[in-house]
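A.B. asks: Right, I'll just put the structure down here and ask away after.
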Amino acid sequence: MAPPPSLPVQPPNGPESRPPVKAQKEMSKAERRELQEKQRAVKAAAKAGGSSSQPNQKAAAKQAPPPLTSNAMPKKGGKLADTAPPRTPAAPSGRNTRDVKSATAALAENVPMNARGLRIFSHFGLPKPVSLAKGDIHPVILRLALQFSNFKITGANARCIATLTAFKTVIQDYITPPNNTLSRHLMTHLSPQISHLVAARPMSVTMGNAIRQLKLEISGTDIDLPEQDAKKALCQKIDNYIRDRIMVADQVIEETTGNKIKDGDVILTYARSSVVEKVLLGAHSEGRQFSVIVVDSRPMLEGKRLLSVLAEADIHCSYLLLPALGSVITEASMVLVGAHSIHSNGSVYSRAGTALVAMLAKQQSIPVIVCCETYKFSEGVQLDSFTKNELAPLGDTFASFPLTKPRDTLTLVNSPNLEILNPLYDLTPPTSISAVVTEVGVIPPNSIGSIPLALGRLL
Amino acid sequence: MPGTDLTAPEEFDIHAAYLHILEDTEISPPLAAILALSELVVNSKAGTMFELVQALNDGAEQLKQQTTNSISLNAGCELFIAFVTLFPHESDSFSGLKTELINQGRKYAAEALSYRERIARLTLGFIKDDSVILTHSYSRVVMRALLHAHKTKRISVYVTEARPRGLGLKTHAALTAAGIPCTVVLDSAVAYVMDQVDFILVGSEAVVESGGLINAVGSNQMAIIAKAAHKPFYALAESYKFHRLFPLSQYDLPTHTPTILSFPPLLGQSVAARDTLSGVSIGAPAAPEQETLSLEKASGVSAQRTMTSEQIAQNPDVDYTRPDLISLVFSDVGILTPEGVSQYLVGMFAG
């Protein structure tokens, strides 16, 4: 992994202030705070003055559109947790609200309103637009990162397949430098590419599992193999991974779930899951008679895409937004949802709103079925939607489908005293789920943890 | 109904073999299925593994079609076919392999008869002196457990009548003959008696992937009442009854048909010549008058206080008990929680 970025090291007293009269220990608490505030105000003024020479991540984060031209791309580690330290600015504004208030009061003209920071989701902050890349990033990866950050490619499966396909190109174009072996150097070559992708959008569990598997394959490459053969073998392994863990798995899930759909069923689904789409189309092509209720939510409105595909296939559909769910839930005979990832305690991490749908359905004794391939399995245990999540960027993230209201009224922007918060994911507890359909069978949620053991596989 | 698998020109009738094996009362349907399929292997003319597995699948299909309640039978068939498919091919000749399979099948069946004893021993640990046990219908494994416990502890047993088959009376007779105090309870009086009971023991037709139980109709009711009264509900099941089925609800069972508990079409509000006494027909307010009218008519139909056989046929045979209502599943592979059942099944069939 590349070394972490170095923050501009400023002496604690700020670049322009005088050294304190007394040592800090001797000052009283109030005096120290006063000093701190002064320093913050000075620093913020210096930044707001447009000093773009110092790559300062905090400024970039706090100033949502327009992005700074300076290097606003931090090198995050593979995990979101690593973003916490670099994100915490040298002057932690999210922590001490009184200081923040005084700071912003002093700089109201200079600094945009969201210098206050987000109160509850500050630990994963806002995504930043990706600008200049650090290091030698392959154009395919650049393109992919842009697609991710603009939400042109969404969905766990789609992102993973896109990532792996891009890596295939990168591997093909890779040339081992002299005095190096492919199995050792290729990984260091890929790391900045991965970091760039993660900077665009935090890594999904699927991408993480796939990349881990790829690293394993790379490190296991035979040293004596000629370079072209090794590269070809790696690309073949990537193809096999996509085929076995995603494509074939989806087929098995499609068949298994299709068998659970009976004539006359009313199937309720939420947002858009690629697997659920395949299941519904497959069941319909087999001749089963059923109708679908598509529940959607803002701002992503992904359900519209699913709706158009289903309507195209002549499946009888209804479409509604999440708040209206209570009125139609009793009509549904089954709920089918997809997942971003599934954890060993059986909880399902999926598009925000899935938990609501599942809980409501369970209350009405409607079976809730989650369609999930085994490669989405995450070893960790997640207990709530807070500790790990992602915020959608502000602006216009809609699909290019007809909207009922003019686009500019639906676009989300911050305004004075209004902070828009858009978590993308939420956690459905295992008690709200009836069954999880994977390619190894239909599993009750509480037994999910036993699957890797039973299969003896590294997931 | 001769067997029509192309590998057995002398037309081995698997169903007849199955029925013949079932004549031994100790053998339950899944075991009989396994033995019947072993017989099929004996008589099979298959030359390759693929043909053999195909023949076995065909045989299993035939058995399923000719039995009304095929869930437990299915469990046995799938177990045997999975075993055959995963069997290591050590012998050189195919006939050697077949002989090996047959021997394994027979050995398994012989050993499986000892499973009930094993389960009885496991259950003993959960039975205290002076326990009052509630059980449902007739189950060989529960009988074995109770008789085993009776040797060393004092127990008393309530058993439900288990209509319409009335097998609870068979349990009552057997237990009384063994010297265990036993009382028959109406199916509708289970809630009445629940507070006096220490725990519930039931047998099973099948234990399914979700950890739930498929058993004679009335088990689900008993489990729900037990949950409400905070009494433990234990299911006893041999491992060959574990099935990969995953019912989402009662109506997702393979035994469920649209006619079960469906409303009949209205044939006009005629008073005469229809049994209108029990449940399923024209509206409740009209019923009392019709009852007296029918009684007066008494046109060959006696004053019925029991359901007719058509009405009984419209009712289900088995029901599905959800895993959250079951405390533990006692099996020859150990004492499992309902979640543990799924782990066992995934390990067995998915690997």
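Residues in the structure tokens are named by chain (A, B, ... in the order shown) and by number from 1 within that chain; ligands are numbered from 1 in the order shown.
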Given a cut-off of 8 Å, which residues of chain B touch chain A, counting only C-alpha atoms, written out as a PyMOL selection string?
C.D. replies: chain B and resi 209-211+246+248-249+339-340+342-343+346-347+350-351
A.B. asks: So what do you get for atom CA of Lys128 of chain B versus atom CA of Arg322 of chain B, distance-wise?
C.D. replies: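 It comes out at 26.7 Å.
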A.B. asks: Could you pull the residues within 10 Å of Asp408 of chain A, counting only C-alpha atoms, minus those fewer than 3 positions along the same chain, as a list in words?
C.D. replies: Gly395, Asp396, Lys405, Thr411, Leu412 and Val413 of chain A
A.B. asks: As a VMD selection string, please: all residues of segment 269-430 of chain A that backbone DSSP puts in strand (DSSP E or B).
C.D. replies: chain A and resid 269 to 270 290 to 296 316 to 321 334 to 338 341 to 343 348 to 351 368 to 371 377 to 378 391 395 412 415 418 423 425 to 428
A.B. asks: Select, from B:Thr123, B:Thr25, B:Ser44, B:Gln104, the residue with the minimum atom-to-atom distance to Asp58 of chain B, counting only C-alpha atoms.
C.D. replies: B:Ser44
A.B. asks: Neighbours of Val170 of chain A within 9 Å (only C-alpha atoms; same-chain residues fewer than 4 positions away dropped), as an mmCIF file with N, CA and C atoms, in the first residue's frame?
C.D. replies:
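The resulting file, out.cif, is shown below:
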data_model
loop_
_atom_site.group_PDB
_atom_site.id
_atom_site.type_symbol
_atom_site.label_atom_id
_atom_site.label_comp_id
_atom_site.auth_asym_id
_atom_site.auth_seq_id
_atom_site.Cartn_x
_atom_site.Cartn_y
_atom_site.Cartn_z
ATOM 1 N N HIS A 138 -4.038 3.881 -14.583
ATOM 2 C CA HIS A 138 -4.419 3.421 -15.914
ATOM 3 C C HIS A 138 -5.701 4.141 -16.355
ATOM 4 N N VAL A 140 -8.236 3.174 -17.951
ATOM 5 C CA VAL A 140 -9.450 2.393 -17.696
ATOM 6 C C VAL A 140 -9.940 2.603 -16.267
ATOM 7 N N ILE A 141 -8.998 2.653 -15.354
ATOM 8 C CA ILE A 141 -9.363 2.851 -13.951
ATOM 9 C C ILE A 141 -9.876 4.270 -13.734
ATOM 10 N N THR A 165 -13.207 -6.482 -14.667
ATOM 11 C CA THR A 165 -12.931 -6.326 -16.088
ATOM 12 C C THR A 165 -11.857 -5.271 -16.310
ATOM 13 N N ALA A 166 -11.947 -4.180 -15.554
ATOM 14 C CA ALA A 166 -10.920 -3.139 -15.683
ATOM 15 C C ALA A 166 -9.564 -3.684 -15.277
ATOM 16 N N TYR A 174 0.185 -4.495 -18.199
ATOM 17 C CA TYR A 174 1.271 -4.393 -17.225
ATOM 18 C C TYR A 174 2.543 -5.041 -17.758
ATOM 19 N N LEU A 190 -0.968 -2.590 -8.635
ATOM 20 C CA LEU A 190 -2.429 -2.461 -8.588
ATOM 21 C C LEU A 190 -2.903 -1.613 -7.422
#
A.B. asks: Show me, as a list of chain:residue names, the residues that have an atom within 8 Å of Leu144 of chain A when counting only C-alpha atoms, minus same-chain residues fewer than 6 positions from it.
C.D. replies: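 Once the nearby chain positions are removed, what remains is A:Ala162, A:Thr163, A:Ala166, A:Leu197.
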A.B. asks: Could the residues in this selection be saved with N, CA and C atoms as a compact mmCIF listing (two decimals), in the first residue's frame?
C.D. replies:
# COMPACT_ATOMS: atom_id res chain seq x y z
N ALA A 162 -17.40 -4.72 -13.16
CA ALA A 162 -16.70 -3.63 -13.83
C ALA A 162 -15.27 -3.53 -13.33
N THR A 163 -15.11 -3.64 -12.01
CA THR A 163 -13.76 -3.56 -11.45
C THR A 163 -12.87 -4.67 -11.98
N ALA A 166 -11.95 -4.18 -15.55
CA ALA A 166 -10.92 -3.14 -15.68
C ALA A 166 -9.56 -3.68 -15.28
N LEU A 197 -9.86 3.97 -7.05
CA LEU A 197 -11.27 3.57 -7.13
C LEU A 197 -11.97 3.81 -5.80
A.B. asks: Run DSSP on the backbone and give me the residues of segment 96-275 of chain B it puts in helix (DSSP H, G or I), as an NGL selection string.
C.D. replies: :B and (96-112 or 115-124 or 140-150 or 168-178 or 187-194 or 219-228 or 239-241 or 250-252)
A.B. asks: Applying 9 Å and only C-alpha atoms, which residues near Gly258 of chain A remain after dropping the ones on its own chain fewer than 5 positions away? List them as a list in words.
C.D. replies: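 In the requested form, the answer reads Ile253, Val279, Leu280, Gly282, Ala283, His284, Glu286 and Arg288 of chain A.
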A.B. asks: When distances are computed from only C-alpha atoms, which of A:Leu225, A:Ala230, A:Cys160, A:Leu391 shows the smallest separation from Asn209 of chain A?
C.D. replies: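 Going through A:Leu225, A:Ala230, A:Cys160, A:Leu391 one by one, the smallest distance to Asn209 of chain A is for A:Cys160.
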A.B. asks: Name the residues in contact with Lys241 of chain B at a cut-off of 7 Å, using only C-alpha atoms, excluding same-chain residues fewer than 6 positions from it; report them as a list in words.
C.D. replies: Pro30, Ser72, Ala75, Gly76, Glu205, Ala206 and Val207 of chain B
A.B. asks: From the options B:Gly59, B:Pro254, B:Gly105, B:Pro323, which residue's atoms come nearest to Ile71 of chain B, counting only C-alpha atoms?
C.D. replies: B:Pro254
A.B. asks: Name the closest residue to His343 of chain A among the candidates A:Met247, A:Val295, A:Leu310, A:Val205; distances are taken between atoms, counting only C-alpha atoms.
C.D. replies: A:Val205
A.B. asks: Would you work out the distance separating atom CA of His243 of chain B from atom CA of Val208 of chain B, expressed in Å to one decimal?
C.D. replies: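 Answer for the atom CA of His243 of chain B to atom CA of Val208 of chain B separation: 4.8 Å.
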A.B. asks: Mind pulling up the distance from atom CA of Val436 of chain A to atom CA of Leu164 of chain A?
C.D. replies: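 Atom-to-atom, atom CA of Leu164 of chain A to atom CA of Val436 of chain A, that is 25.7 Å.
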